[in-house]
>>> print(open('upload_12.cif').read())   # mmCIF, C-alpha atoms and all ligand atoms
data_start
loop_
_atom_site.label_atom_id
_atom_site.label_comp_id
_atom_site.auth_asym_id
_atom_site.auth_seq_id
_atom_site.Cartn_x
_atom_site.Cartn_y
_atom_site.Cartn_z
CA MET A 715 -12.18 -50.12 53.66
CA THR A 716 -12.81 -47.48 51.03
CA ASP A 717 -10.02 -46.63 48.66
CA ILE A 718 -7.79 -43.72 49.59
CA THR A 719 -7.55 -41.05 46.89
CA LEU A 720 -4.05 -39.81 46.19
CA TYR A 721 -3.70 -36.54 44.32
CA TYR A 722 -0.44 -36.96 42.55
CA GLY A 723 1.79 -35.23 40.02
CA SER A 724 4.13 -37.29 37.85
CA GLY A 725 7.72 -36.66 38.91
CA SER A 726 6.87 -35.03 42.24
CA PRO A 727 9.35 -36.51 44.72
CA PHE A 728 6.98 -35.64 47.55
CA ALA A 729 4.04 -37.46 45.98
CA TRP A 730 6.36 -40.39 45.26
CA ARG A 731 6.98 -40.81 49.02
CA VAL A 732 3.29 -41.33 49.64
CA GLN A 733 2.96 -43.79 46.80
CA LEU A 734 5.85 -45.80 48.24
CA ALA A 735 4.06 -45.90 51.60
CA LEU A 736 0.74 -46.93 50.02
CA GLU A 737 2.43 -49.69 48.02
CA HIS A 738 4.49 -50.86 51.00
CA LYS A 739 1.33 -51.17 53.04
CA ALA A 740 -0.61 -52.65 50.11
CA LEU A 741 -3.41 -50.16 50.74
CA PRO A 742 -6.03 -49.82 48.01
CA TYR A 743 -5.84 -46.36 46.48
CA GLU A 744 -6.92 -44.42 43.48
CA ARG A 745 -4.34 -42.13 41.94
CA ARG A 746 -5.63 -38.85 40.50
CA VAL A 747 -2.88 -37.42 38.35
CA LEU A 748 -2.83 -33.63 38.24
CA SER A 749 -1.04 -31.83 35.44
CA PHE A 750 1.31 -29.07 36.58
CA ALA A 751 1.46 -27.73 33.01
CA ALA A 752 -2.34 -27.45 32.85
CA GLY A 753 -2.41 -25.67 36.23
CA ASP A 754 -4.53 -28.40 37.83
CA THR A 755 -3.08 -27.70 41.30
CA ARG A 756 -4.48 -24.16 41.15
CA LYS A 757 -8.01 -25.16 40.14
CA PRO A 758 -10.65 -24.30 42.75
CA GLU A 759 -11.73 -27.90 43.29
CA PHE A 760 -8.17 -28.86 44.25
CA VAL A 761 -7.45 -25.68 46.24
CA ALA A 762 -10.55 -26.55 48.27
CA LEU A 763 -8.68 -29.68 49.40
CA ASN A 764 -5.25 -28.11 49.75
CA PRO A 765 -5.08 -24.32 50.02
CA ARG A 766 -1.30 -24.61 49.43
CA HIS A 767 -2.17 -26.18 46.04
CA ARG A 768 0.39 -28.95 46.20
CA VAL A 769 0.66 -32.64 45.72
CA PRO A 770 0.61 -35.00 47.46
CA THR A 771 -2.79 -34.63 49.05
CA ILE A 772 -4.89 -37.57 50.16
CA VAL A 773 -8.56 -38.05 50.88
CA ASP A 774 -9.35 -40.94 53.20
CA GLY A 775 -13.09 -41.05 53.76
CA ASP A 776 -13.94 -37.64 55.18
CA PHE A 777 -10.32 -36.88 56.10
CA VAL A 778 -8.17 -34.68 53.87
CA LEU A 779 -4.42 -34.43 54.48
CA TYR A 780 -1.50 -32.79 52.72
CA GLU A 781 2.27 -32.62 53.35
CA SER A 782 4.05 -35.81 52.35
CA ASN A 783 5.72 -36.61 55.66
CA ALA A 784 2.51 -36.12 57.63
CA ILE A 785 0.69 -38.37 55.16
CA VAL A 786 3.26 -41.19 55.39
CA GLU A 787 3.13 -41.08 59.19
CA TYR A 788 -0.69 -40.99 59.15
CA LEU A 789 -0.90 -44.03 56.88
CA ASP A 790 1.50 -45.90 59.14
CA GLU A 791 -0.52 -45.10 62.26
CA ALA A 792 -4.01 -45.37 60.76
CA TYR A 793 -3.30 -48.72 59.07
CA PRO A 794 -1.03 -50.69 61.40
CA GLY A 795 -0.12 -54.29 60.72
CA ARG A 796 0.10 -53.90 56.95
CA GLY A 797 3.71 -54.55 56.04
CA ALA A 798 6.49 -53.73 58.46
CA PRO A 799 5.92 -50.42 60.28
CA LEU A 800 7.46 -47.36 58.66
CA PHE A 801 8.33 -45.90 62.07
CA PRO A 802 9.73 -49.04 63.69
CA GLY A 803 11.54 -49.43 66.98
CA ASP A 804 11.73 -47.51 70.21
CA ALA A 805 11.43 -43.77 70.80
CA ARG A 806 15.07 -43.21 69.91
CA ARG A 807 14.91 -45.04 66.58
CA ARG A 808 11.69 -43.26 65.66
CA ALA A 809 13.32 -39.96 66.57
CA LEU A 810 16.24 -40.86 64.31
CA ILE A 811 13.79 -41.55 61.47
CA ARG A 812 12.15 -38.14 61.98
CA ARG A 813 15.58 -36.49 62.15
CA LEU A 814 16.63 -38.08 58.86
CA ILE A 815 13.39 -36.91 57.24
CA SER A 816 14.03 -33.35 58.45
CA GLU A 817 17.61 -33.50 57.19
CA THR A 818 16.32 -34.71 53.83
CA ASP A 819 13.90 -31.82 53.47
CA ASP A 820 16.04 -29.10 55.02
CA TYR A 821 19.48 -29.97 53.62
CA PHE A 822 19.53 -32.66 50.93
CA ASP A 823 16.65 -31.16 48.98
CA GLN A 824 18.33 -27.74 48.94
CA ALA A 825 21.63 -29.27 47.85
CA LEU A 826 19.89 -31.10 45.03
CA ASP A 827 18.25 -27.89 43.79
CA GLY A 828 21.61 -26.61 42.52
CA ILE A 829 21.85 -29.65 40.24
CA VAL A 830 18.20 -29.93 39.20
CA ASP A 831 17.84 -26.21 38.45
CA TYR A 832 20.91 -26.46 36.21
CA ALA A 833 19.79 -29.64 34.44
CA PHE A 834 16.19 -28.55 33.87
CA ALA A 835 16.87 -24.85 33.16
CA LYS A 836 14.22 -23.57 30.72
CA ASP A 837 16.95 -21.79 28.82
CA PRO A 838 20.19 -23.82 28.83
CA ALA A 839 22.09 -20.61 27.99
CA MET A 840 21.15 -19.30 31.45
CA ARG A 841 22.67 -22.28 33.28
CA ASP A 842 24.63 -21.21 36.36
CA GLU A 843 27.89 -23.20 36.43
CA LYS A 844 28.79 -21.97 39.90
CA ALA A 845 25.46 -23.03 41.37
CA PHE A 846 25.82 -26.42 39.64
CA ALA A 847 29.30 -26.94 41.13
CA ALA A 848 28.02 -25.87 44.55
CA GLY A 849 25.06 -28.26 44.21
CA LYS A 850 27.34 -31.17 43.35
CA ALA A 851 29.60 -30.42 46.32
CA ALA A 852 26.59 -30.09 48.64
CA VAL A 853 25.01 -33.35 47.44
CA ALA A 854 28.32 -35.16 47.98
CA GLU A 855 28.67 -33.61 51.44
CA ASN A 856 25.11 -34.50 52.39
CA GLY A 857 25.49 -37.99 50.96
CA ALA A 858 28.53 -38.52 53.16
CA LEU A 859 26.56 -37.43 56.23
CA PHE A 860 23.70 -39.82 55.43
CA ALA A 861 26.17 -42.64 54.77
CA ALA A 862 27.95 -42.00 58.08
CA ALA A 863 24.61 -42.03 59.91
CA MET A 864 23.43 -45.30 58.32
CA GLN A 865 22.47 -47.91 60.88
CA GLY A 866 22.24 -51.01 58.71
CA ASP A 867 20.83 -51.93 55.31
CA PHE A 868 18.57 -48.89 55.33
CA LEU A 869 19.06 -45.36 56.65
CA ALA A 870 17.73 -45.97 60.14
CA GLY A 871 18.45 -49.72 60.22
CA PRO A 872 15.25 -51.41 59.02
CA LEU A 873 13.34 -49.96 56.08
CA SER A 874 11.49 -46.87 57.25
CA ALA A 875 9.81 -43.62 56.28
CA ALA A 876 13.30 -42.07 56.15
CA ASP A 877 14.13 -44.19 53.10
CA PHE A 878 10.88 -43.21 51.42
CA ALA A 879 11.63 -39.53 52.08
CA LEU A 880 15.14 -39.54 50.64
CA TYR A 881 14.90 -42.01 47.75
CA PRO A 882 12.72 -39.95 45.36
CA LEU A 883 15.16 -37.04 45.68
CA VAL A 884 18.16 -39.30 45.08
CA ALA A 885 16.38 -40.70 42.02
CA PHE A 886 16.52 -37.21 40.52
CA LEU A 887 20.29 -37.58 40.21
CA ASP A 888 19.68 -40.27 37.58
CA ARG A 889 16.75 -38.40 36.06
CA CYS A 890 19.02 -35.42 35.25
CA ARG A 891 20.46 -37.60 32.49
CA VAL A 892 17.49 -36.79 30.25
CA LYS A 893 18.89 -33.26 30.09
CA LEU A 894 22.58 -33.91 30.78
CA PRO A 895 23.38 -37.30 29.20
CA ASP A 896 26.99 -37.26 30.44
CA PHE A 897 26.16 -36.35 34.03
CA ASP A 898 26.55 -39.26 36.43
CA GLY A 899 24.84 -37.77 39.47
CA ALA A 900 24.67 -41.06 41.35
CA ALA A 901 28.49 -41.11 41.33
CA LEU A 902 28.31 -38.26 43.86
CA LEU A 903 26.98 -40.74 46.42
CA PRO A 904 29.48 -42.52 48.64
CA PRO A 905 29.52 -46.35 48.30
CA PRO A 906 27.29 -47.08 51.33
CA LEU A 907 24.60 -44.74 49.99
CA ALA A 908 24.94 -46.13 46.46
CA ALA A 909 24.41 -49.61 47.94
CA TRP A 910 21.39 -48.29 49.88
CA LYS A 911 19.96 -46.84 46.65
CA ALA A 912 20.27 -50.26 45.01
CA ARG A 913 18.49 -51.89 47.96
CA VAL A 914 15.59 -49.44 47.72
CA GLU A 915 15.42 -50.06 43.96
CA ALA A 916 15.20 -53.81 44.65
CA LEU A 917 11.98 -53.40 46.68
CA PRO A 918 9.31 -55.42 44.86
CA TYR A 919 6.90 -52.51 44.55
CA LEU A 920 9.44 -49.85 43.53
CA ALA A 921 8.77 -50.29 39.80
CA ALA A 922 5.06 -49.55 40.32
CA THR A 923 5.96 -46.14 41.79
CA ILE A 924 8.30 -44.81 39.12
CA PRO A 925 6.78 -41.58 37.77
CA PRO A 926 4.74 -42.45 34.67
CA HIS A 927 6.40 -39.90 32.39
CA TRP A 928 9.86 -41.15 33.40
CA GLN A 929 8.98 -44.48 31.88
CA LYS A 930 8.54 -42.94 28.44
CA LYS A 931 11.43 -41.78 26.35
CA ASP A 932 11.10 -38.03 26.89
N1 LIG A 1001 6.28 -29.87 51.58
C1 LIG A 1001 5.41 -30.42 50.58
C2 LIG A 1001 5.96 -30.11 49.21
C3 LIG A 1001 4.99 -30.50 48.09
C4 LIG A 1001 5.34 -29.81 46.78
O1 LIG A 1001 6.14 -28.87 46.73
N2 LIG A 1001 4.70 -30.25 45.68
C5 LIG A 1001 4.90 -29.61 44.38
C6 LIG A 1001 5.33 -30.65 43.35
S1 LIG A 1001 6.90 -31.36 43.68
C7 LIG A 1001 3.56 -29.04 43.88
O2 LIG A 1001 2.53 -29.65 44.06
N3 LIG A 1001 3.59 -27.88 43.21
C8 LIG A 1001 2.42 -27.34 42.55
C9 LIG A 1001 2.08 -25.94 42.97
O3 LIG A 1001 2.84 -25.34 43.78
O4 LIG A 1001 1.03 -25.46 42.53
C10 LIG A 1001 5.26 -31.93 50.81
O5 LIG A 1001 6.18 -32.52 51.41
O6 LIG A 1001 4.21 -32.50 50.47
#
>>> encode(input="upload_12.cif", output="structure tokens")
Amino acid sequence: MTDITLYYGSGSPFAWRVQLALEHKALPYERRVLSFAAGDTRKPEFVALNPRHRVPTIVDGDFVLYESNAIVEYLDEAYPGRGAPLFPGDARRRALIRRLISETDDYFDQALDGIVDYAFAKDPAMRDEKAFAAGKAAVAENGALFAAAMQGDFLAGPLSAADFALYPLVAFLDRCRVKLPDFDGAALLPPPLAAWKARVEALPYLAATIPPHWQKKD
């Protein structure tokens, strides 16, 4: 098996999903870190791989694939029997996993934007208090919906691609502290989802996937 190449950007929640899947499946991979600041995603050699110029993108032999959820599902199908499947169970459970992934991307991610845009505003004087309050309310509301839908220890029962889709976004609630030291974003999560977050963080390979620049004091 040749190594898979993962084009990655530090702090990209979408790239993080793929890294979680690669680590879960213990697949050999080489991580090519692109710099957003240096415009690496717009360079012709990368645009040739992904005309949407985004990470994650993988190269597996002669196969190039982008879009995080498609990549996670591809890895699960192309490399079965390595770790527990990320789309386990019958058609209904797998449909639930796909539903949770869609809800993550279509609703939770948007809710989170209100918080992240406020925290990481280039000019703190331009921070929009109303959008921040709306973001906090929407994250709490979405968190309650995910908690109510939880089927066991993880979102869909057993660990699955749904957990890998949501966790990197939830992790941003803690990350906002670098800009807003008094903001306890994780407190917006209802207890079942806070307990889920702790279970994901206890996965043995989680530490290896934490964005490199988050590990520095910056
Ligand atoms: N829907 C895509 C979203 C990927 C995405 O938005 N990636 C951002 C980083 S978080 C990116 O690469 N932006 C660089 C650019 O647009 O040039 C996925 O799930 O993979």
>>> atom_distance(input="upload_12.cif", atom1="atom C1 of ligand LIG 1001 (chain A)", atom2="atom CA of A:Arg768")
6.8 Å
>>> closest_residue(input="upload_12.cif", among="A:Leu810, A:Leu779, A:Leu887, A:Leu920", to="A:Arg766", atoms="all atoms listed in the file")
A:Leu779
>>> residues_near_ligand(input="upload_12.cif", ligand="ligand LIG 1001 (chain A)", cutoff="12 Å", atoms="all atoms listed in the file", output="VMD selection string")
chain A and resid 720 to 733 747 to 758 760 to 761 764 to 772 779 to 787 815 to 816 818 to 820 823 827 878 to 880 882 to 883 886 925
>>> residues_near_point(input="upload_12.cif", point="(22.8, -31.2, 37.0)", cutoff="7 Å", atoms="only C-alpha atoms", output="CSV table (one decimal) with C-alpha atoms, in the frame of the given file")
chain,number,residue,atom,x,y,z
A,829,ILE,CA,21.8,-29.6,40.2
A,830,VAL,CA,18.2,-29.9,39.2
A,832,TYR,CA,20.9,-26.5,36.2
A,833,ALA,CA,19.8,-29.6,34.4
A,846,PHE,CA,25.8,-26.4,39.6
A,890,CYS,CA,19.0,-35.4,35.2
A,894,LEU,CA,22.6,-33.9,30.8
A,897,PHE,CA,26.2,-36.4,34.0
>>> residues_near_point(input="upload_12.cif", point="(-7.0, -45.9, 37.7)", cutoff="12 Å", atoms="only C-alpha atoms", output="JSON, numbers by chain")
{"A": [717, 719, 720, 721, 742, 743, 744, 745, 746, 747]}
>>> residues_around(input="upload_12.cif", residues="A:Glu817", least_positions_apart="6", cutoff="12 Å", atoms="only C-alpha atoms", output="mmCIF file with C-alpha atoms, keeping the file's coordinate frame")
data_model
loop_
_atom_site.group_PDB
_atom_site.id
_atom_site.type_symbol
_atom_site.label_atom_id
_atom_site.label_comp_id
_atom_site.auth_asym_id
_atom_site.auth_seq_id
_atom_site.Cartn_x
_atom_site.Cartn_y
_atom_site.Cartn_z
ATOM 1 C CA LEU A 810 16.240 -40.860 64.310
ATOM 2 C CA ILE A 811 13.790 -41.550 61.470
ATOM 3 C CA ASP A 823 16.650 -31.160 48.980
ATOM 4 C CA GLN A 824 18.330 -27.740 48.940
ATOM 5 C CA ALA A 825 21.630 -29.270 47.850
ATOM 6 C CA ASN A 856 25.110 -34.500 52.390
ATOM 7 C CA GLY A 857 25.490 -37.990 50.960
ATOM 8 C CA LEU A 859 26.560 -37.430 56.230
ATOM 9 C CA PHE A 860 23.700 -39.820 55.430
ATOM 10 C CA ALA A 863 24.610 -42.030 59.910
ATOM 11 C CA LEU A 869 19.060 -45.360 56.650
ATOM 12 C CA ALA A 876 13.300 -42.070 56.150
ATOM 13 C CA ASP A 877 14.130 -44.190 53.100
ATOM 14 C CA ALA A 879 11.630 -39.530 52.080
ATOM 15 C CA LEU A 880 15.140 -39.540 50.640
#
>>> atom_distance(input="upload_12.cif", atom1="atom CA of A:Val914", atom2="atom CA of A:Ala900")
13.9 Å
>>> atom_distance(input="upload_12.cif", atom1="atom CA of A:Gly795", atom2="atom CA of A:Met864")
25.3 Å
>>> residues_around(input="upload_12.cif", residues="A:Ala854", least_positions_apart="4", cutoff="10 Å", atoms="all atoms listed in the file", output="list of chain:residue names")
A:Phe822, A:Ala825, A:Leu826, A:Ala848, A:Gly849, A:Lys850, A:Ala858, A:Leu859, A:Phe860, A:Gly899, A:Ala900, A:Ala901, A:Leu902, A:Leu903, A:Pro904
>>> closest_residue(input="upload_12.cif", among="A:Tyr919, A:Trp910, A:Ile718, A:Leu741", to="A:Tyr793", atoms="all atoms listed in the file")
A:Leu741
>>> closest_residue(input="upload_12.cif", among="A:Ala922, A:Thr716, A:Glu791, A:Asp831", to="A:Asp776", atoms="all atoms listed in the file")
A:Thr716
>>> closest_residue(input="upload_12.cif", among="A:Gly775, A:Gly866, A:Pro872, A:Pro802", to="A:Asp790", atoms="all atoms listed in the file")
A:Pro802
>>> closest_residue(input="upload_12.cif", among="A:Phe777, A:Gly828, A:Leu873, A:Leu800", to="A:Ala847", atoms="only C-alpha atoms")
A:Gly828
>>> closest_residue(input="upload_12.cif", among="A:Ala870, A:Ala921, A:Leu736, A:Val892", to="A:Gly797", atoms="all atoms listed in the file")
A:Leu736
